[in-house]
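Raw upload-v1.pdb, PDB, C-alpha atoms:
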```pdb
ATOM      1  CA  MET S   1      14.153  -8.824 -23.679
ATOM      2  CA  LYS S   2      11.242  -9.637 -25.917
ATOM      3  CA  THR S   3       8.052  -7.670 -26.245
ATOM      4  CA  PRO S   4       4.756  -9.198 -27.339
ATOM      5  CA  PRO S   5       3.889  -8.441 -30.956
ATOM      6  CA  ASN S   6       1.617  -5.461 -31.269
ATOM      7  CA  PRO S   7       0.484  -4.558 -34.788
ATOM      8  CA  ALA S   8      -0.325  -1.047 -33.696
ATOM      9  CA  GLN S   9       3.321  -0.484 -32.747
ATOM     10  CA  THR S  10       5.184  -2.009 -35.667
ATOM     11  CA  ASP S  11       6.391   1.392 -36.858
ATOM     12  CA  ARG S  12       7.108   2.799 -33.412
ATOM     13  CA  ASN S  13       9.929   2.697 -30.905
ATOM     14  CA  THR S  14       9.704  -0.454 -28.809
ATOM     15  CA  ILE S  15      11.664  -1.776 -25.873
ATOM     16  CA  SER S  16      14.241  -4.177 -27.248
ATOM     17  CA  LEU S  17      17.109  -4.970 -24.913
ATOM     18  CA  SER S  18      19.560  -7.814 -24.469
ATOM     19  CA  GLU S  19      18.034 -11.163 -23.503
ATOM     20  CA  ASN S  20      21.228 -11.935 -21.603
ATOM     21  CA  VAL S  21      20.496  -9.303 -18.958
ATOM     22  CA  GLU S  22      19.398 -10.945 -15.736
ATOM     23  CA  THR S  23      16.034  -9.555 -14.680
ATOM     24  CA  LYS S  24      13.886 -10.519 -11.748
ATOM     25  CA  PRO S  25      10.229 -11.549 -11.812
ATOM     26  CA  ILE S  26       7.742  -9.841  -9.550
ATOM     27  CA  ALA S  27       7.380 -12.111  -6.546
ATOM     28  CA  PRO S  28       5.076 -11.447  -3.595
ATOM     29  CA  GLY S  29       6.632 -11.394  -0.156
ATOM     30  CA  GLN S  30      10.031 -10.030  -1.174
ATOM     31  CA  THR S  31      11.697  -7.554   1.163
ATOM     32  CA  GLY S  32      12.611  -5.097  -1.554
ATOM     33  CA  PRO S  33      15.521  -4.365  -3.850
ATOM     34  CA  VAL S  34      19.051  -4.561  -2.468
ATOM     35  CA  SER S  35      20.314  -1.734  -4.698
ATOM     36  CA  LEU S  36      18.666  -1.494  -8.101
ATOM     37  CA  ASP S  37      16.515  -4.326  -9.425
ATOM     38  CA  ILE S  38      15.263  -4.676 -12.993
ATOM     39  CA  LEU S  39      11.846  -6.216 -13.562
ATOM     40  CA  ASP S  40      10.873  -7.536 -16.975
ATOM     41  CA  LEU S  41       7.149  -6.914 -17.439
ATOM     42  CA  SER S  42       6.984  -8.669 -20.798
ATOM     43  CA  VAL S  43       5.053 -11.686 -19.631
ATOM     44  CA  THR S  44       1.898 -13.358 -20.881
ATOM     45  CA  GLY S  45      -0.905 -15.378 -19.353
ATOM     46  CA  ILE S  46      -1.246 -13.241 -16.211
ATOM     47  CA  GLU S  47      -4.810 -13.516 -14.954
ATOM     48  CA  SER S  48      -4.589 -10.726 -12.396
ATOM     49  CA  SER S  49      -2.667  -7.490 -12.188
ATOM     50  CA  LEU S  50       1.081  -7.302 -11.658
ATOM     51  CA  SER S  51       1.495  -6.206  -8.050
ATOM     52  CA  PHE S  52       4.229  -3.909  -6.735
ATOM     53  CA  GLU S  53       3.897  -4.520  -2.994
ATOM     54  CA  TYR S  54       7.106  -5.319  -1.118
ATOM     55  CA  ASN S  55       7.020  -5.847   2.638
ATOM     56  CA  ARG S  56       7.242  -2.854   4.975
ATOM     57  CA  LYS S  57      10.364  -1.069   3.723
ATOM     58  CA  THR S  58       9.769   1.616   1.124
ATOM     59  CA  PHE S  59      11.103   1.332  -2.399
ATOM     60  CA  TYR S  60      10.740   3.504  -5.482
ATOM     61  CA  THR S  61      10.104   2.683  -9.113
ATOM     62  CA  VAL S  62      10.373   4.090 -12.581
ATOM     63  CA  THR S  63       8.391   2.083 -15.123
ATOM     64  CA  LEU S  64       8.124   2.308 -18.909
ATOM     65  CA  LEU S  65       5.014   0.671 -20.372
ATOM     66  CA  GLN S  66       4.017   0.113 -23.989
ATOM     67  CA  GLY S  67       0.387  -0.666 -24.737
ATOM     68  CA  ASN S  68      -2.939  -0.223 -22.989
ATOM     69  CA  TYR S  69      -3.136  -0.687 -19.218
ATOM     70  CA  THR S  70      -5.102   0.137 -16.108
ATOM     71  CA  ILE S  71      -2.895   1.451 -13.310
ATOM     72  CA  GLU S  72      -4.473   0.447 -10.001
ATOM     73  CA  PHE S  73      -3.919   2.785  -7.060
ATOM     74  CA  GLU S  74      -5.557   2.775  -3.643
ATOM     75  CA  GLU S  75      -8.007   5.562  -4.362
ATOM     76  CA  ARG S  76      -8.679   5.096  -8.077
ATOM     77  CA  ASN S  77      -7.684   3.435 -11.329
ATOM     78  CA  ILE S  78      -6.092   5.258 -14.263
ATOM     79  CA  ASP S  79      -6.294   4.028 -17.860
ATOM     80  CA  VAL S  80      -3.194   4.674 -19.985
ATOM     81  CA  PHE S  81      -2.579   4.115 -23.680
ATOM     82  CA  GLY S  82       0.471   3.942 -25.941
ATOM     83  CA  ASP S  83       3.853   4.681 -24.345
ATOM     84  CA  THR S  84       3.721   5.595 -20.658
ATOM     85  CA  LEU S  85       6.375   6.571 -18.102
ATOM     86  CA  MET S  86       5.440   6.209 -14.443
ATOM     87  CA  PHE S  87       7.113   7.147 -11.149
ATOM     88  CA  THR S  88       5.793   5.885  -7.840
ATOM     89  CA  SER S  89       6.724   4.156  -4.589
ATOM     90  CA  SER S  90       5.537   1.313  -2.389
ATOM     91  CA  LYS S  91       4.186   3.897   0.036
ATOM     92  CA  ILE S  92       1.289   3.822  -2.405
ATOM     93  CA  PRO S  93       0.652   0.169  -3.338
ATOM     94  CA  PHE S  94      -0.290  -0.214  -6.962
ATOM     95  CA  GLY S  95      -0.741  -2.747  -9.694
ATOM     96  CA  ILE S  96      -0.683  -2.848 -13.488
ATOM     97  CA  GLN S  97      -3.542  -4.563 -15.293
ATOM     98  CA  ALA S  98      -3.311  -5.384 -19.009
ATOM     99  CA  PRO S  99      -6.815  -6.086 -20.402
ATOM    100  CA  ASP S 100      -5.484  -8.707 -22.832
ATOM    101  CA  GLY S 101      -2.943 -10.189 -20.412
ATOM    102  CA  MET S 102      -0.063  -9.043 -22.636
ATOM    103  CA  TYR S 103       2.558  -6.903 -20.910
ATOM    104  CA  ALA S 104       5.355  -4.953 -22.584
ATOM    105  CA  GLY S 105       7.573  -2.877 -20.388
ATOM    106  CA  ILE S 106      10.374  -2.581 -17.905
ATOM    107  CA  SER S 107      10.619  -1.333 -14.335
ATOM    108  CA  PHE S 108      13.538  -0.289 -12.141
ATOM    109  CA  LEU S 109      13.119  -0.702  -8.376
ATOM    110  CA  PHE S 110      15.413   0.863  -5.809
ATOM    111  CA  LYS S 111      15.516   2.025  -2.207
ATOM    112  CA  GLU S 112      15.786   5.630  -1.105
ATOM    113  CA  ASP S 113      19.438   5.171  -0.166
ATOM    114  CA  PHE S 114      20.330   4.349  -3.772
ATOM    115  CA  ILE S 115      20.286   8.133  -4.375
ATOM    116  CA  THR S 116      21.569  10.195  -1.459
ATOM    117  CA  LYS S 117      23.423  13.438  -0.862
ATOM    118  CA  THR S 118      26.525  11.405  -0.077
ATOM    119  CA  ASN S 119      26.641   9.216  -3.170
ATOM    120  CA  SER S 120      25.138  11.577  -5.755
ATOM    121  CA  GLY S 121      24.730  15.092  -4.386
ATOM    122  CA  TYR S 122      20.941  14.715  -4.441
ATOM    123  CA  ARG S 123      18.288  13.415  -2.099
ATOM    124  CA  LEU S 124      15.581  11.348  -3.779
ATOM    125  CA  LEU S 125      12.618  13.015  -2.096
ATOM    126  CA  GLU S 126      13.830  16.420  -3.257
ATOM    127  CA  PHE S 127      12.642  15.499  -6.739
ATOM    128  CA  PRO S 128       9.004  16.516  -7.345
ATOM    129  CA  ILE S 129       8.234  13.213  -9.088
ATOM    130  CA  TYR S 130       8.978  11.312  -5.868
ATOM    131  CA  LYS S 131       7.257  13.624  -3.406
ATOM    132  CA  PRO S 132       5.183  11.516  -0.997
ATOM    133  CA  GLY S 133       1.509  11.421  -1.893
ATOM    134  CA  ARG S 134       2.072  11.852  -5.620
ATOM    135  CA  GLN S 135       1.879   9.508  -8.565
ATOM    136  CA  ASN S 136       3.321  10.884 -11.768
ATOM    137  CA  ILE S 137       2.264   9.187 -14.989
ATOM    138  CA  TYR S 138       3.408  10.656 -18.293
ATOM    139  CA  SER S 139       2.078   9.909 -21.749
ATOM    140  CA  LEU S 140       5.069   9.945 -24.108
ATOM    141  CA  THR S 141       5.479  10.976 -27.729
ATOM    142  CA  ASP S 142       7.486   8.793 -30.113
ATOM    143  CA  GLN S 143      10.506  11.071 -29.752
ATOM    144  CA  GLN S 144      10.289  11.049 -25.957
ATOM    145  CA  THR S 145       9.921   7.255 -25.948
ATOM    146  CA  LYS S 146      13.081   6.894 -28.021
ATOM    147  CA  ARG S 147      15.014   9.102 -25.604
ATOM    148  CA  PHE S 148      13.888   7.201 -22.508
ATOM    149  CA  ILE S 149      14.445   3.778 -24.066
ATOM    150  CA  GLY S 150      18.016   4.894 -24.728
ATOM    151  CA  ILE S 151      18.510   5.672 -21.034
ATOM    152  CA  PHE S 152      16.874   2.425 -19.942
ATOM    153  CA  ALA S 153      19.200   0.584 -22.322
ATOM    154  CA  LYS S 154      22.291   2.105 -20.704
ATOM    155  CA  ILE S 155      21.177   0.892 -17.282
ATOM    156  CA  PHE S 156      20.559  -2.553 -18.777
ATOM    157  CA  ASP S 157      24.032  -2.574 -20.302
ATOM    158  CA  GLU S 158      25.620  -1.939 -16.903
ATOM    159  CA  LYS S 159      23.559  -4.738 -15.374
ATOM    160  CA  ARG S 160      24.839  -7.080 -18.084
ATOM    161  CA  ASP S 161      28.487  -5.994 -18.054
ATOM    162  CA  GLY S 162      28.877  -6.064 -14.257
ATOM    163  CA  SER S 163      31.861  -3.707 -14.124
ATOM    164  CA  ASP S 164      33.384  -2.406 -10.890
ATOM    165  CA  PHE S 165      31.626   0.901 -11.510
ATOM    166  CA  LYS S 166      28.249  -0.675 -12.332
ATOM    167  CA  GLU S 167      26.296   0.816  -9.437
ATOM    168  CA  ASN S 168      27.740   4.311  -9.881
ATOM    169  CA  LEU S 169      26.936   4.288 -13.591
ATOM    170  CA  GLN S 170      23.443   2.941 -12.987
ATOM    171  CA  ARG S 171      22.883   5.729 -10.468
ATOM    172  CA  THR S 172      24.104   8.314 -12.970
ATOM    173  CA  TYR S 173      21.795   7.007 -15.699
ATOM    174  CA  LEU S 174      18.863   6.823 -13.278
ATOM    175  CA  LEU S 175      19.431  10.476 -12.421
ATOM    176  CA  GLU S 176      19.562  11.244 -16.151
ATOM    177  CA  LEU S 177      16.197   9.525 -16.482
ATOM    178  CA  ILE S 178      14.713  11.503 -13.569
ATOM    179  CA  PHE S 179      16.035  14.840 -14.864
ATOM    180  CA  ASN S 180      14.648  14.202 -18.330
ATOM    181  CA  ALA S 181      11.278  13.206 -16.878
ATOM    182  CA  GLN S 182      11.067  16.453 -14.951
ATOM    183  CA  LYS S 183      11.339  18.317 -18.262
ATOM    184  CA  LEU S 184       8.105  16.742 -19.482
ATOM    185  CA  ASP S 185       5.108  19.026 -19.782
ATOM    186  CA  PRO S 186       3.076  18.580 -16.580
ATOM    187  CA  VAL S 187      -0.078  19.365 -18.554
ATOM    188  CA  SER S 188       0.397  16.110 -20.472
ATOM    189  CA  SER S 189       0.780  14.037 -17.334
ATOM    190  CA  TYR S 190      -1.615  12.409 -14.939
ATOM    191  CA  VAL S 191      -0.592  13.828 -11.571
ATOM    192  CA  LYS S 192      -2.360  12.592  -8.482
ATOM    193  CA  THR S 193      -1.921  15.034  -5.606
ATOM    194  CA  ASN S 194      -3.270  15.231  -2.088
ATOM    195  CA  ASN S 195      -6.321  17.449  -2.420
ATOM    196  CA  THR S 196      -8.757  16.041   0.125
ATOM    197  CA  THR S 197      -8.679  15.606   3.859
ATOM    198  CA  GLU S 198      -8.600  11.812   3.731
ATOM    199  CA  GLU S 199      -5.863  11.680   1.084
ATOM    200  CA  ILE S 200      -3.648  14.048   3.031
ATOM    201  CA  ALA S 201      -4.146  12.061   6.223
ATOM    202  CA  CYS S 202      -3.380   8.785   4.412
ATOM    203  CA  ALA S 203      -0.245  10.264   2.838
ATOM    204  CA  PHE S 204       0.925  11.347   6.292
ATOM    205  CA  ILE S 205       0.285   7.904   7.816
ATOM    206  CA  ARG S 206       2.060   6.148   4.919
ATOM    207  CA  LEU S 207       5.050   8.438   5.282
ATOM    208  CA  LEU S 208       5.159   7.862   9.044
ATOM    209  CA  GLU S 209       4.933   4.073   8.702
ATOM    210  CA  SER S 210       7.594   4.011   5.977
ATOM    211  CA  GLN S 211      10.182   4.701   8.702
ATOM    212  CA  PHE S 212       9.358   1.515  10.584
ATOM    213  CA  PRO S 213      10.307  -1.059  11.720
ATOM    214  CA  ILE S 214      13.687   0.008  13.066
ATOM    215  CA  VAL S 215      15.878  -3.034  12.470
ATOM    216  CA  SER S 216      19.314  -1.671  13.339
ATOM    217  CA  ALA S 217      20.691   0.599  16.021
ATOM    218  CA  GLN S 218      22.174   2.606  13.150
ATOM    219  CA  ASP S 219      18.694   3.324  11.747
ATOM    220  CA  ILE S 220      17.645   6.804  12.845
ATOM    221  CA  LEU S 221      14.197   8.309  12.408
ATOM    222  CA  ARG S 222      14.482  11.150   9.937
ATOM    223  CA  LEU S 223      10.984  12.602  10.354
ATOM    224  CA  THR S 224       9.923  13.250  13.952
ATOM    225  CA  THR S 225       7.979  16.536  13.965
ATOM    226  CA  ALA S 226       4.895  17.951  12.280
ATOM    227  CA  LYS S 227       7.123  20.348  10.343
ATOM    228  CA  ASP S 228       9.286  17.483   9.072
ATOM    229  CA  PHE S 229       6.242  15.727   7.628
ATOM    230  CA  ALA S 230       4.728  18.933   6.276
ATOM    231  CA  ASP S 231       7.947  19.721   4.424
ATOM    232  CA  GLU S 232       8.019  16.236   2.866
ATOM    233  CA  LEU S 233       4.396  16.567   1.760
ATOM    234  CA  ALA S 234       4.881  20.155   0.529
ATOM    235  CA  LEU S 235       2.181  21.429   2.892
ATOM    236  CA  HIS S 236       2.028  24.085   5.600
ATOM    237  CA  PRO S 237       2.302  22.470   9.068
ATOM    238  CA  ASN S 238      -0.929  24.078  10.249
ATOM    239  CA  TYR S 239      -2.812  22.852   7.174
ATOM    240  CA  LEU S 240      -1.431  19.316   7.550
ATOM    241  CA  ASN S 241      -2.348  19.261  11.230
ATOM    242  CA  ARG S 242      -5.863  20.529  10.538
ATOM    243  CA  GLN S 243      -6.551  17.921   7.851
ATOM    244  CA  VAL S 244      -5.113  15.044   9.919
ATOM    245  CA  LYS S 245      -7.132  16.116  12.970
ATOM    246  CA  LEU S 246     -10.321  16.193  10.875
ATOM    247  CA  SER S 247      -9.625  12.709   9.503
ATOM    248  CA  LYS S 248      -8.058  10.900  12.454
ATOM    249  CA  GLY S 249      -9.316  12.815  15.477
ATOM    250  CA  ARG S 250      -5.775  13.373  16.709
ATOM    251  CA  THR S 251      -3.083  15.902  15.889
ATOM    252  CA  VAL S 252      -0.004  15.065  13.844
ATOM    253  CA  THR S 253       2.157  15.397  16.952
ATOM    254  CA  GLU S 254      -0.061  13.006  18.922
ATOM    255  CA  ILE S 255       0.062  10.370  16.184
ATOM    256  CA  ILE S 256       3.838  10.674  15.820
ATOM    257  CA  ALA S 257       4.300  10.368  19.592
ATOM    258  CA  ALA S 258       2.069   7.292  19.794
ATOM    259  CA  ARG S 259       3.984   5.565  16.987
ATOM    260  CA  ILE S 260       7.364   6.363  18.546
ATOM    261  CA  ILE S 261       6.177   5.007  21.898
ATOM    262  CA  GLN S 262       4.937   1.858  20.183
ATOM    263  CA  GLU S 263       8.335   1.316  18.535
ATOM    264  CA  ALA S 264      10.178   2.160  21.748
ATOM    265  CA  LYS S 265       8.266  -0.554  23.624
ATOM    266  CA  ILE S 266       9.076  -3.071  20.902
ATOM    267  CA  LEU S 267      12.787  -2.219  21.001
ATOM    268  CA  LEU S 268      12.888  -2.358  24.798
ATOM    269  CA  LYS S 269      11.221  -5.766  24.762
ATOM    270  CA  LEU S 270      12.801  -7.486  21.767
ATOM    271  CA  THR S 271      16.345  -6.100  21.581
ATOM    272  CA  ASN S 272      19.306  -5.867  23.902
ATOM    273  CA  TRP S 273      20.121  -2.333  22.749
ATOM    274  CA  ASN S 274      20.964   0.044  25.553
ATOM    275  CA  ILE S 275      18.868   3.134  26.255
ATOM    276  CA  VAL S 276      21.288   5.411  24.426
ATOM    277  CA  GLU S 277      21.058   3.308  21.251
ATOM    278  CA  ILE S 278      17.270   3.186  21.405
ATOM    279  CA  SER S 279      16.905   6.905  22.066
ATOM    280  CA  THR S 280      19.259   7.753  19.199
ATOM    281  CA  SER S 281      17.490   5.468  16.740
ATOM    282  CA  LEU S 282      14.176   7.105  17.660
ATOM    283  CA  GLY S 283      15.527  10.539  16.820
ATOM    284  CA  PHE S 284      16.292  11.926  20.277
ATOM    285  CA  GLU S 285      19.451  13.978  20.587
ATOM    286  CA  GLN S 286      19.874  13.165  24.282
ATOM    287  CA  PRO S 287      18.881  10.042  26.256
ATOM    288  CA  SER S 288      17.429  12.335  28.918
ATOM    289  CA  HIS S 289      14.964  13.719  26.365
ATOM    290  CA  PHE S 290      13.869  10.184  25.524
ATOM    291  CA  ASN S 291      13.492   9.318  29.220
ATOM    292  CA  LEU S 292      11.243  12.320  29.819
ATOM    293  CA  PHE S 293       9.219  11.631  26.665
ATOM    294  CA  PHE S 294       8.721   7.947  27.511
ATOM    295  CA  LYS S 295       7.806   8.613  31.132
ATOM    296  CA  LYS S 296       5.289  11.267  30.084
ATOM    297  CA  HIS S 297       3.422   8.768  27.893
ATOM    298  CA  VAL S 298       3.975   5.481  29.756
ATOM    299  CA  THR S 299       4.321   6.836  33.335
ATOM    300  CA  VAL S 300       7.515   4.827  33.942
ATOM    301  CA  SER S 301      11.054   5.247  32.660
ATOM    302  CA  PRO S 302      12.362   3.108  29.775
ATOM    303  CA  THR S 303      14.630   1.232  32.178
ATOM    304  CA  ASP S 304      11.788   0.437  34.581
ATOM    305  CA  TYR S 305       9.527  -0.569  31.703
ATOM    306  CA  ARG S 306      12.149  -3.012  30.414
ATOM    307  CA  LYS S 307      12.392  -4.585  33.880
ATOM    308  CA  THR S 308       8.676  -5.287  33.931
ATOM    309  CA  ILE S 309       8.671  -7.174  30.630
ATOM    310  CA  LYS S 310      11.929  -9.112  30.822
TER     311      LYS S 310
END
```
As structure tokens, what does this structure read like?
Amino acid sequence: MKTPPNPAQTDRNTISLSENVETKPIAPGQTGPVSLDILDLSVTGIESSLSFEYNRKTFYTVTLLQGNYTIEFEERNIDVFGDTLMFTSSKIPFGIQAPDGMYAGISFLFKEDFITKTNSGYRLLEFPIYKPGRQNIYSLTDQQTKRFIGIFAKIFDEKRDGSDFKENLQRTYLLELIFNAQKLDPVSSYVKTNNTTEEIACAFIRLLESQFPIVSAQDILRLTTAKDFADELALHPNYLNRQVKLSKGRTVTEIIAARIIQEAKILLKLTNWNIVEISTSLGFEQPSHFNLFFKKHVTVSPTDYRKTIK
């Protein structure tokens, strides 16, 4: 892949990988990466920012940039210079703006199930750099840049070679990249954390919505209680509940319940799944628990509700 000429970087490490590797452009309206997608950011003539907003389903990124950029997040913009390594997810929509329209960099996009306990021994959200509500942006030294470009290159090589073990090797190298990033000095990074009421509430809502829509009876809600969300956000449940109540006027439990009821109505109306399948996908251990929950909030049972809308 080619990088735009930059006189200020002629004696530095630059991204220089095989042009034969198939990379994908950033296209609005995509549903997200199937496993691991590689985006070539070395484009010119872009009048607006490169946007990383896939539809609904959450995906994660690791991006290496070379040059001067403005990283556009919901709450603020961050200016970066030189070599920059960034970790984020589509739970927090963002864009990359190059003042001169010249982009040099590479980004890997992948879903949460690309790294799981089953296939790697790790769960993605256990890594601090992918904790919900955080954006980790690291300014790299020349030596660090060289190390990370080497890891990026190995992932590129697997994409090009297409061996039977391609995905496993890409996963291994991605983990190598994540582990090396976590060794970086946090003092030299831009770390955006939830430190206000509104930011905490927004992080909670984004995390809740990232679980929807449920598109398969095999999809099961992983986060269903205030404690589940507090653990993901690295907050005490009481503190999370207090901040959400201040911002939204409702407790965490009330908001979760309302969203589950909303999804339950959709599934009862638009699918032919039986009550057991719906209750399981919504995180209930027993159909009877789902029946009681639904009747408490809707005043009729799931079965009776389905009869009224069919």
**OP:** Quote the spacing between atom CA of S:Ile260 and atom CA of S:His297 in Å to one decimal place.
**Re:** 10.4 Å
Subject >> Residues within 10 Å of S:Leu174, only C-alpha atoms, excluding chain neighbours under 5 positions, as a ChimeraX atom specification >> reply: /S:36,62,108,114-115,151-152,154-155,168-169,179-180
Original post:
Skipping near chain neighbours, those fewer than 5 positions away, what residues fall within 7 Å of S:Gly67 using all atoms listed in the file, listed as number ranges by chain?
Top reply: S: 81-83, 104
Original post:
Separation of atom CA of S:Lys131 and atom CA of S:Arg206, in Å?
Top reply: 12.3 Å
**OP:** Translate the PyMOL selection byres ((chain S and resi 219) around 12), as applied to the file shown, into an explicit residue set as an MDAnalysis selection string.
**Re:** chainID S and resid 211:218 220:222 277:283
Original post:
At most 12 Å from (11.6, 13.5, -15.6), file frame, only C-alpha atoms: which residues, as number ranges by chain?
Top reply: S: 62-63, 85-87, 127-130, 136-140, 144, 147-148, 151, 174-186, 189
**OP:** Kindly resolve the PyMOL selection byres ((chain S and resi 310) around 12) on the present coordinates and return the residues as a count of residues only.
**Re:** 14
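Going from atom CA of S:Ser301 over to atom CA of S:Asn274, you cover 13.3 Å.
Shortest atom-to-atom contact with S:Phe229 among S:Ile78, S:Leu207, S:Val298, S:Val276: S:Leu207, counting all atoms listed in the file.
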Subject >> Near-stretch 233-248 of chain S list (6 Å; only C-alpha atoms; drop same-chain fewer than 6 positions) as number ranges by chain >> reply: S: 132, 197-198, 201, 227
**OP:** Check the smallest atom-to-atom distance from each of S:Ile149, S:Ile261, S:Val252, S:Glu167 to S:Cys202 using only C-alpha atoms, then report the winner.
**Re:** S:Val252
Subject >> Best match for closeness to S:Ile106 among S:Phe156, S:Phe290, S:Tyr173, S:Tyr122, counting all atoms listed in the file >> reply: S:Phe156
Subject >> Ref. answer, residues at most 10 Å from (1.6, 10.4, 15.9) with all atoms listed in the file, as a ChimeraX atom specification >> reply: /S:204-205,208,224-226,250-261
Completed stretch 115-131 of chain S (N, CA, C and O atoms) as an mmCIF file, keeping the file's coordinate frame:
```cif
data_model
loop_
_atom_site.group_PDB
_atom_site.id
_atom_site.type_symbol
_atom_site.label_atom_id
_atom_site.label_comp_id
_atom_site.auth_asym_id
_atom_site.auth_seq_id
_atom_site.Cartn_x
_atom_site.Cartn_y
_atom_site.Cartn_z
ATOM 1 N N ILE S 115 19.955 6.761 -3.985
ATOM 2 C CA ILE S 115 20.286 8.133 -4.375
ATOM 3 C C ILE S 115 20.272 8.986 -3.123
ATOM 4 O O ILE S 115 19.206 9.280 -2.563
ATOM 5 N N THR S 116 21.454 9.377 -2.658
ATOM 6 C CA THR S 116 21.569 10.195 -1.459
ATOM 7 C C THR S 116 22.500 11.381 -1.716
ATOM 8 O O THR S 116 23.212 11.431 -2.721
ATOM 9 N N LYS S 117 22.501 12.303 -0.768
ATOM 10 C CA LYS S 117 23.423 13.438 -0.862
ATOM 11 C C LYS S 117 24.869 12.959 -0.915
ATOM 12 O O LYS S 117 25.699 13.514 -1.627
ATOM 13 N N THR S 118 25.151 11.905 -0.171
ATOM 14 C CA THR S 118 26.525 11.405 -0.077
ATOM 15 C C THR S 118 27.003 10.787 -1.375
ATOM 16 O O THR S 118 28.114 11.054 -1.837
ATOM 17 N N ASN S 119 26.157 9.952 -1.995
ATOM 18 C CA ASN S 119 26.641 9.216 -3.170
ATOM 19 C C ASN S 119 26.327 9.887 -4.500
ATOM 20 O O ASN S 119 26.814 9.454 -5.548
ATOM 21 N N SER S 120 25.498 10.954 -4.478
ATOM 22 C CA SER S 120 25.138 11.577 -5.755
ATOM 23 C C SER S 120 25.024 13.097 -5.708
ATOM 24 O O SER S 120 24.981 13.748 -6.753
ATOM 25 N N GLY S 121 24.949 13.651 -4.504
ATOM 26 C CA GLY S 121 24.730 15.092 -4.386
ATOM 27 C C GLY S 121 23.266 15.469 -4.358
ATOM 28 O O GLY S 121 22.926 16.647 -4.212
ATOM 29 N N TYR S 122 22.383 14.462 -4.451
ATOM 30 C CA TYR S 122 20.941 14.715 -4.441
ATOM 31 C C TYR S 122 20.274 13.808 -3.422
ATOM 32 O O TYR S 122 20.794 12.741 -3.083
ATOM 33 N N ARG S 123 19.120 14.259 -2.938
ATOM 34 C CA ARG S 123 18.288 13.415 -2.099
ATOM 35 C C ARG S 123 17.032 13.086 -2.871
ATOM 36 O O ARG S 123 16.391 13.963 -3.447
ATOM 37 N N LEU S 124 16.655 11.816 -2.900
ATOM 38 C CA LEU S 124 15.581 11.348 -3.779
ATOM 39 C C LEU S 124 14.294 12.130 -3.594
ATOM 40 O O LEU S 124 13.638 12.523 -4.569
ATOM 41 N N LEU S 125 13.903 12.366 -2.343
ATOM 42 C CA LEU S 125 12.618 13.015 -2.096
ATOM 43 C C LEU S 125 12.637 14.518 -2.387
ATOM 44 O O LEU S 125 11.615 15.190 -2.246
ATOM 45 N N GLU S 126 13.791 15.030 -2.799
ATOM 46 C CA GLU S 126 13.830 16.420 -3.257
ATOM 47 C C GLU S 126 13.242 16.553 -4.656
ATOM 48 O O GLU S 126 12.846 17.646 -5.069
ATOM 49 N N PHE S 127 13.188 15.453 -5.387
ATOM 50 C CA PHE S 127 12.642 15.499 -6.739
ATOM 51 C C PHE S 127 11.117 15.497 -6.682
ATOM 52 O O PHE S 127 10.514 14.641 -6.017
ATOM 53 N N PRO S 128 10.468 16.447 -7.385
ATOM 54 C CA PRO S 128 9.004 16.516 -7.345
ATOM 55 C C PRO S 128 8.325 15.201 -7.718
ATOM 56 O O PRO S 128 7.271 14.872 -7.169
ATOM 57 N N ILE S 129 8.899 14.438 -8.644
ATOM 58 C CA ILE S 129 8.234 13.213 -9.088
ATOM 59 C C ILE S 129 8.204 12.135 -8.016
ATOM 60 O O ILE S 129 7.457 11.158 -8.145
ATOM 61 N N TYR S 130 9.004 12.295 -6.947
ATOM 62 C CA TYR S 130 8.978 11.312 -5.868
ATOM 63 C C TYR S 130 8.484 11.903 -4.552
ATOM 64 O O TYR S 130 8.662 11.299 -3.493
ATOM 65 N N LYS S 131 7.839 13.060 -4.609
ATOM 66 C CA LYS S 131 7.257 13.624 -3.406
ATOM 67 C C LYS S 131 6.196 12.680 -2.865
ATOM 68 O O LYS S 131 5.368 12.183 -3.623
#
```
